[in-house]
Every structure is written in C-alpha cells, then in structure tokens.
Amino acid sequence: MKIIYTRRISQIFFFTLFVLFCIVTTVGDKLWQLRGWPVNWFLQLDPLAAIGTILTTHTLYWPLLWALVTVVLTIIFGRFFCGWVCPFGSIHHFTGFLANRTKKTSEKIQLNKYRKAQCIKYFVLIAFLFMAAFPSLAATLQTGLLDPIPLVSRSFNLVLLPIFDNSTSFTSVMKRFYEGAWLVFAIFLAAILLNLFIPRFYCRFICPLGALFGIIDRFAVWRIGKKAYQCINCKLCERYCEGGCEPAGNMRISECVLCFNCLDICKDDLIAYQTVPSLAGEITNPDISRRGFVLSLAGGFLAVPAMRLSNKLGSNWHHSVIRPPGSLAEPEFLKRCIKCGQCMRICPSNVIQPAGIEGGLENLWTPVLNNRIGSSGCQLNCAACGHICPTSAIRPITLDEKHGTGSFAAAGPIRLGTAFLDRNRCLPWSMGKPCIVCEENCPVSPKAIYVHEHFDTVRDGVLTIKKATDTMLETVEAAMVSGKFATGDYYCAIQGWERRKITANTENSIEISSSEKFVEIPAEGTKIEIQVRLQRPFVDIEKCIGCGICEHECPVSGIKAIRVWPEGETRSVDRKLLV
C-alpha cells in the first residue's frame, strides 16, 4: 500500500474519532453518550495547551502529560500530527484538494510554493507564549483563540453539532442554543474558505500549534529529503506539497507536514523518508527575522497589560460573568481555560454559554452561565462540567462539596452568585399580579426565596352592594370582567368583616366560597373592596446559591424580574455580600 493511502486512512480514522468524541460528550447512559469515553484525548495530545498552562500556572495538570507523547513522536518522526492526526488539518487538506483538483500543474505548483508570510504563525506563537509567561501575576492563557484543537472542538461543540441536534434530536433530547455562536462559525468558515485561495492556508500562515511543531521538527530524526543529486527540477514534487516546504530545492524541514505527496509523485524516486539530511540541502530553522521576533515579543508584552486596563478582574468586573460551579478564582481561571467548549457541550441544561467580550477580551469564549437559555439554571445535582474540563479551569467537585454536605458541611454549599429581585419588574411588587414562580422553583432547602402575604385593592375595585345573600353579592356598578376574579387569588373585603375568597364573578355580581358564607347578610349600600392576594418574594442571601433556576423560570419576558449576579460567589473573596 502506498504511504499516501495510509496517511489518508489515518486522517479519516482520527477525524471520525474526533467527531465521535464530540458526539459522546453528552450526559446519558446510551452507547453514543458519555460512558467513560476519553473525550478530551485530542485536547490532551495538544502540546500547546500543556506548555501554555505550564507557563501560566507553573504546574502541569496530569492528563496533559499525553502531550509529551506528541512531542516525543514529533522528535522521532517529524510533524506527523499535522498531516496524520489533526482533525482541523484534515478538513483543510480535503477542502484544498476539492478546490484545486482540476487546476493545471503549473497553477498548483504556484499555489503550493513557500511564501515569506508563513512566518506569521511563529510570531503568533511567540506572542501567545509570552502572554502566558508574562512576568507577573497578570499572565493569561489565550492560545485557545487560535490553537486548532480547541478551535475545531469549539466549532463542533457550539455550532455544527447543535445544528445537527436541532434537526434530528439524535444526541440531545432538547434543542441546544449558544449565544454568539455566529462568531465561532464565521471564524471556522473563514478558515475553511481560505483554502480556496491557498491550500492549507490556516496551517501555513496562522496555526500556532503548527509553529510549535515546526520548531520541534528541526530536531526530528526522520525527515523528507533527496537521496540523490540527479534531479531534473521538474517540480512535480511541489504540485501537491501541503506545507509549502519546497522539496524540489532546499527542504524547509519546519514547514513539512509529512503528507508524503512529494515522495509518491517523484518519477525518478529521488525523494525519501530518511534519517540523513537531504542531499539537495536543508533549511532547518523557521524563517523568523530578528525584527519579527522582537515585535512579537513586544506585542505579547503589551497585550496583557492593555487587556487589563479595563480592570475587569478588579472592581470593574462585569455582572454577566458568572462561572460554572467549581471554577477557579478569575485570575487563575484565565490561566487555565483554553476555550474548547467541552463544558458547554456536556451541560445537560444548556446553561453554560460562551462569553463575549463584555468581561474583557480575555473573557471571549470562556464558559459563563446564562440562565435565560436552555432548560433551566444550573441543576442542583449536576457537576459534569468540572469532570470534563481538560485543564481543570473548572475543577472536579463532588455533589457533597457542591451542596455543602458531609465533610464539606462547615464550608457550606458552593455559591455561584446571588439572586437579586427587581421590584420594578416583579409582578406582585409593581403590577399587582399574583406570582410565586421563583419561590416555587427555588431548589434549596430551606428555600432561599420566601414570600410575605399582602392584600391590594384592585383598580376600580371599590363597589357598592345592591343586593346580597349569604354567598352572593350584587353590585350597583357593572364594572367587572366576567370570570376575572375567579382564579382563587381575589377576595371580597367589607369594612368590619373578614375577607372572603371569590369563586366566581360576572359584570355586576360576586360569589364567595360556601365555606366562608356570610352569617349576617351585608346591607344594601355597603361598600366592598375587591382585593388581590399577593405573595411578594424576598431573597435570603445567606441561603441563595445563585443557581439561576429562579431567573430561568421567571415569567417576565425580556429582562427578568429576578436575576443572578456574581456577588457572593464562593470563588471570589472580594465579592462577598456578608462580612
């Protein structure tokens, strides 16, 4: 079997495996749902994620040790990951093949030539790594913005699979929605469409992981090269070169993605995969100028303090940045989160959403809770997000820790924030309408939301009795709407008498419950008041855990009458509400 066929089989296998892992990152007990599948394996094989977290935290989360396997194999075999394993690279490879398959040989050679701009990816890598290693507590991990594995994971988790789910309900019993998914899709689509102009555009010019492999590749034991001098310079080897590494001349080792197209197409059998240098010469170092290196360092040096000028990690924190349970304190969280979307995919209630830039540029695509989307707020008996996070930005917690029970009783439950009541929008407070939805749905015990009973006279609710019996009052005014006051929330109040619950009404009559009938019939001309029984909610901030279920269930559309903000969250000492 030709080696390019083996490479294609490998690409198909690993791409299929990647898609399978994205699909099974769904809570459930079916075979195609989460059943111990190593769904983070591709992210754990990513050495850029591992190096980034080492630089930001000075520690290595042990599952990321898988990245060492990738590094060792790259030192032995070269950039195999880009050409044989990477699912994003396989998409680019296939798209470029479809776009250019009918072009002439001369046109393909021109398309696949090396370009000076391919050094841009190295500058991107240097800037990202310097941001991660910023010499202060202000270090931030932003590699996930352009790292191909988090990028393609985010695109599948937040866009492609939800589109499929919403039309088939195959992997999710409910429709999945993600705020700002259009931007994720736009970047993914743009990266794919750029292959119509230059094959593997993203891999050649942008990919920071490819740049990292290019630096490691200069030490590779095995590499592509010429084994003889008799080359006629036909340049057919550059016809399908996926990396633009110029195999016809001085081989650019750092750009070779081991597609083996040159080895397969050479008519004179002059190209080999070997352990000795190419006889036509090699360029082992990436094409990085001193000026470009200095500028990328300066960019990384200035980027972090520039992003922090808004003080989003200090007193100017944004109220919408509510992290999932188990999240580290914000500075530490930003040192670990690679924006992969795994926690958003696995969340059974769809409450975990990709953040925008309202909390600062660093916040983009990190997980936040949006209690208006999905089926509910953060479920009381769920801790899936912490167990799926590949870098422990959301640490794994037990239900005992989340609830504050067992050995965690002294610490109390994990608080995501605090619910605040907007009395200007609350139905019982501002509109005289009965509603106890937030109190009914509060999941903690004893409830963090409680009510105080209050009776209000409805507008135009003062009427005059014309005729009365022990269970019926006929009024002079015909001012009522038939059946409006028969919901069980309305009462008839007569001065000096107890309130009676209204069971039915017409335009000019009221019926009261037979169990509350009048012993003494009210006299003609007596004034009565139609009153509504309101149960006005209050929030006990000592018991509220900020789960957001009350906000999700609030019947007020638009801006909810009760909303959760991060004040009081367990992970931030400076946001406590109580001393």
# chains A, B, ... in the order shown; residues from 1 in each chain; ligands from 1
>>> select_by_dssp(residues="region 332-554 of chain A", states="strand (DSSP E or B)", output="PyMOL selection string")
chain A and resi 352-354+367-369+394+418-421+449-468+472-475+490-494+500-505+509-512+527-539
>>> write_last_selection(atoms="C-alpha atoms", output="compact mmCIF listing (two decimals), in the first residue's frame")
# COMPACT_ATOMS: atom_id res chain seq x y z
CA ILE A 352 -23.19 27.16 30.22
CA GLN A 353 -22.57 29.56 27.35
CA PRO A 354 -19.59 31.06 25.51
CA PRO A 367 -17.73 29.49 29.92
CA VAL A 368 -20.31 31.62 31.73
CA LEU A 369 -23.83 30.89 32.96
CA ILE A 394 -13.28 24.17 36.35
CA THR A 418 -26.75 35.79 44.43
CA ALA A 419 -30.25 36.36 43.08
CA PHE A 420 -31.42 39.98 43.21
CA LEU A 421 -35.07 40.96 42.92
CA ILE A 449 -36.76 32.74 48.30
CA TYR A 450 -39.65 33.32 50.69
CA VAL A 451 -42.83 35.41 50.43
CA HIS A 452 -44.78 37.87 52.53
CA GLU A 453 -48.53 37.98 52.08
CA HIS A 454 -50.05 41.32 51.12
CA PHE A 455 -53.57 42.36 50.03
CA ASP A 456 -54.03 45.15 47.49
CA THR A 457 -57.31 46.71 46.36
CA VAL A 458 -57.53 46.38 42.59
CA ARG A 459 -58.02 49.41 40.39
CA ASP A 460 -61.71 50.46 40.31
CA GLY A 461 -62.25 47.75 42.90
CA VAL A 462 -64.40 49.77 45.37
CA LEU A 463 -68.04 48.82 44.69
CA THR A 464 -71.48 49.31 46.28
CA ILE A 465 -73.77 46.45 47.27
CA LYS A 466 -77.19 46.47 45.59
CA LYS A 467 -78.43 43.12 46.86
CA ALA A 468 -76.83 40.32 48.88
CA MET A 472 -73.58 36.23 46.59
CA LEU A 473 -73.21 39.99 46.31
CA GLU A 474 -74.81 42.00 43.53
CA THR A 475 -73.27 45.41 42.93
CA TYR A 490 -59.00 37.54 44.69
CA TYR A 491 -61.01 38.36 47.81
CA CYS A 492 -64.00 40.46 48.75
CA ALA A 493 -63.34 42.77 51.70
CA ILE A 494 -66.11 44.53 53.63
CA ARG A 500 -63.98 36.15 51.67
CA LYS A 501 -62.39 34.33 48.72
CA ILE A 502 -64.15 34.99 45.42
CA THR A 503 -65.05 31.83 43.50
CA ALA A 504 -66.93 33.40 40.53
CA ASN A 505 -67.98 36.77 39.22
CA SER A 509 -72.03 40.09 40.88
CA ILE A 510 -69.63 38.17 43.08
CA GLU A 511 -69.91 34.69 44.52
CA ILE A 512 -67.91 33.68 47.54
CA LYS A 527 -69.04 49.49 50.26
CA ILE A 528 -66.91 46.47 49.35
CA GLU A 529 -63.36 46.20 48.00
CA ILE A 530 -62.06 43.66 45.51
CA GLN A 531 -58.60 42.77 46.76
CA VAL A 532 -55.86 40.61 45.25
CA ARG A 533 -53.76 38.39 47.47
CA LEU A 534 -50.10 38.98 46.60
CA GLN A 535 -47.20 36.88 47.83
CA ARG A 536 -44.30 39.25 47.42
CA PRO A 537 -40.93 37.47 47.17
CA PHE A 538 -37.79 38.21 49.15
CA VAL A 539 -34.31 36.67 48.76
>>> residues_around(residues="Phe21 (chain A)", least_positions_apart="5", cutoff="12 Å", atoms="only C-alpha atoms", output="PyMOL selection string")
chain A and resi 14-16+26+31-43+87+153+156-157+161+171+342+345-346+388
>>> closest_residue(among="A:Gly225, A:Gly249, A:Gly525, A:Gly244", to="Pro277 (chain A)", atoms="only C-alpha atoms")
A:Gly225
>>> closest_residue(among="A:Lys113, A:Phe130, A:Lys227, A:Ala190", to="Cys245 (chain A)", atoms="only C-alpha atoms")
A:Lys113
>>> closest_residue(among="A:Thr143, A:Gly78, A:Ile149, A:Asn508", to="Met480 (chain A)", atoms="only C-alpha atoms")
A:Asn508
>>> atom_distance(atom1="CA of Val69 (chain A)", atom2="CA of Phe134 (chain A)")
26.9 Å
>>> select_by_dssp(residues="region 18-249 of chain A", states="helix (DSSP H, G or I)", output="count of residues only")
140
>>> residues_around(residues="Arg7 (chain A)", least_positions_apart="5", cutoff="9 Å", atoms="only C-alpha atoms", output="ChimeraX atom specification")
/A:2,12,83-84,258-260
>>> atom_distance(atom1="CA of Asn370 (chain A)", atom2="CA of Val351 (chain A)")
5.5 Å
>>> residues_around(residues="region 51-64 of chain A", least_positions_apart="3", cutoff="8 Å", atoms="only C-alpha atoms", output="PyMOL selection string")
chain A and resi 44-48+67-68+129+132-134+139-141+143+332+335-336+390-392
>>> closest_residue(among="A:Val573, A:Leu98, A:Cys203, A:Ile91", to="Lys121 (chain A)", atoms="only C-alpha atoms")
A:Cys203
>>> closest_residue(among="A:Pro286, A:Gly404, A:Gly326, A:Gly281", to="Ile215 (chain A)", atoms="only C-alpha atoms")
A:Pro286
>>> residues_around(residues="Glu362 (chain A)", least_positions_apart="6", cutoff="12 Å", atoms="only C-alpha atoms", output="PDB file with C-alpha atoms, in the first residue's frame")
ATOM      1  CA  MET A 131       1.385  36.382  27.290  1.00  0.00           C
ATOM      2  CA  ALA A 132       1.245  33.079  29.161  1.00  0.00           C
ATOM      3  CA  ALA A 138      -1.107  39.064  35.106  1.00  0.00           C
ATOM      4  CA  ALA A 139      -0.279  36.024  32.935  1.00  0.00           C
ATOM      5  CA  THR A 140      -3.172  34.854  30.767  1.00  0.00           C
ATOM      6  CA  LEU A 141      -3.731  31.784  28.591  1.00  0.00           C
ATOM      7  CA  GLN A 142      -5.088  32.870  25.199  1.00  0.00           C
ATOM      8  CA  THR A 143      -3.695  30.103  22.997  1.00  0.00           C
ATOM      9  CA  GLY A 144      -7.193  28.624  22.690  1.00  0.00           C
ATOM     10  CA  LEU A 145      -8.262  31.505  20.453  1.00  0.00           C
ATOM     11  CA  ALA A 303      -1.131  42.776  25.170  1.00  0.00           C
ATOM     12  CA  VAL A 304      -1.615  41.598  28.747  1.00  0.00           C
ATOM     13  CA  PRO A 305      -1.454  44.995  30.492  1.00  0.00           C
ATOM     14  CA  ALA A 306      -3.508  46.504  27.654  1.00  0.00           C
ATOM     15  CA  MET A 307      -6.273  43.942  28.199  1.00  0.00           C
ATOM     16  CA  ARG A 308      -6.149  44.567  31.950  1.00  0.00           C
ATOM     17  CA  LEU A 309      -6.539  48.368  31.661  1.00  0.00           C
ATOM     18  CA  SER A 310     -10.316  47.998  31.927  1.00  0.00           C
ATOM     19  CA  ASN A 311      -9.827  46.462  35.403  1.00  0.00           C
ATOM     20  CA  LYS A 312     -12.283  43.655  34.612  1.00  0.00           C
ATOM     21  CA  LEU A 313     -10.532  41.471  37.177  1.00  0.00           C
ATOM     22  CA  VAL A 321     -19.527  36.792  34.173  1.00  0.00           C
ATOM     23  CA  GLU A 330     -10.928  34.574  37.967  1.00  0.00           C
ATOM     24  CA  PRO A 331      -7.160  35.245  37.566  1.00  0.00           C
ATOM     25  CA  PHE A 333      -9.338  30.585  35.749  1.00  0.00           C
ATOM     26  CA  LEU A 334      -7.938  32.705  32.899  1.00  0.00           C
ATOM     27  CA  LYS A 335      -4.593  30.965  33.313  1.00  0.00           C
ATOM     28  CA  ARG A 336      -6.154  27.582  32.531  1.00  0.00           C
ATOM     29  CA  CYS A 337      -9.192  27.945  30.288  1.00  0.00           C
ATOM     30  CA  ILE A 338      -8.440  27.060  26.641  1.00  0.00           C
ATOM     31  CA  LYS A 339     -11.964  27.924  25.373  1.00  0.00           C
ATOM     32  CA  ALA A 355     -18.850  34.525  26.846  1.00  0.00           C
ATOM     33  CA  GLY A 356     -18.471  37.622  24.715  1.00  0.00           C
TER      34      GLY A 356
END
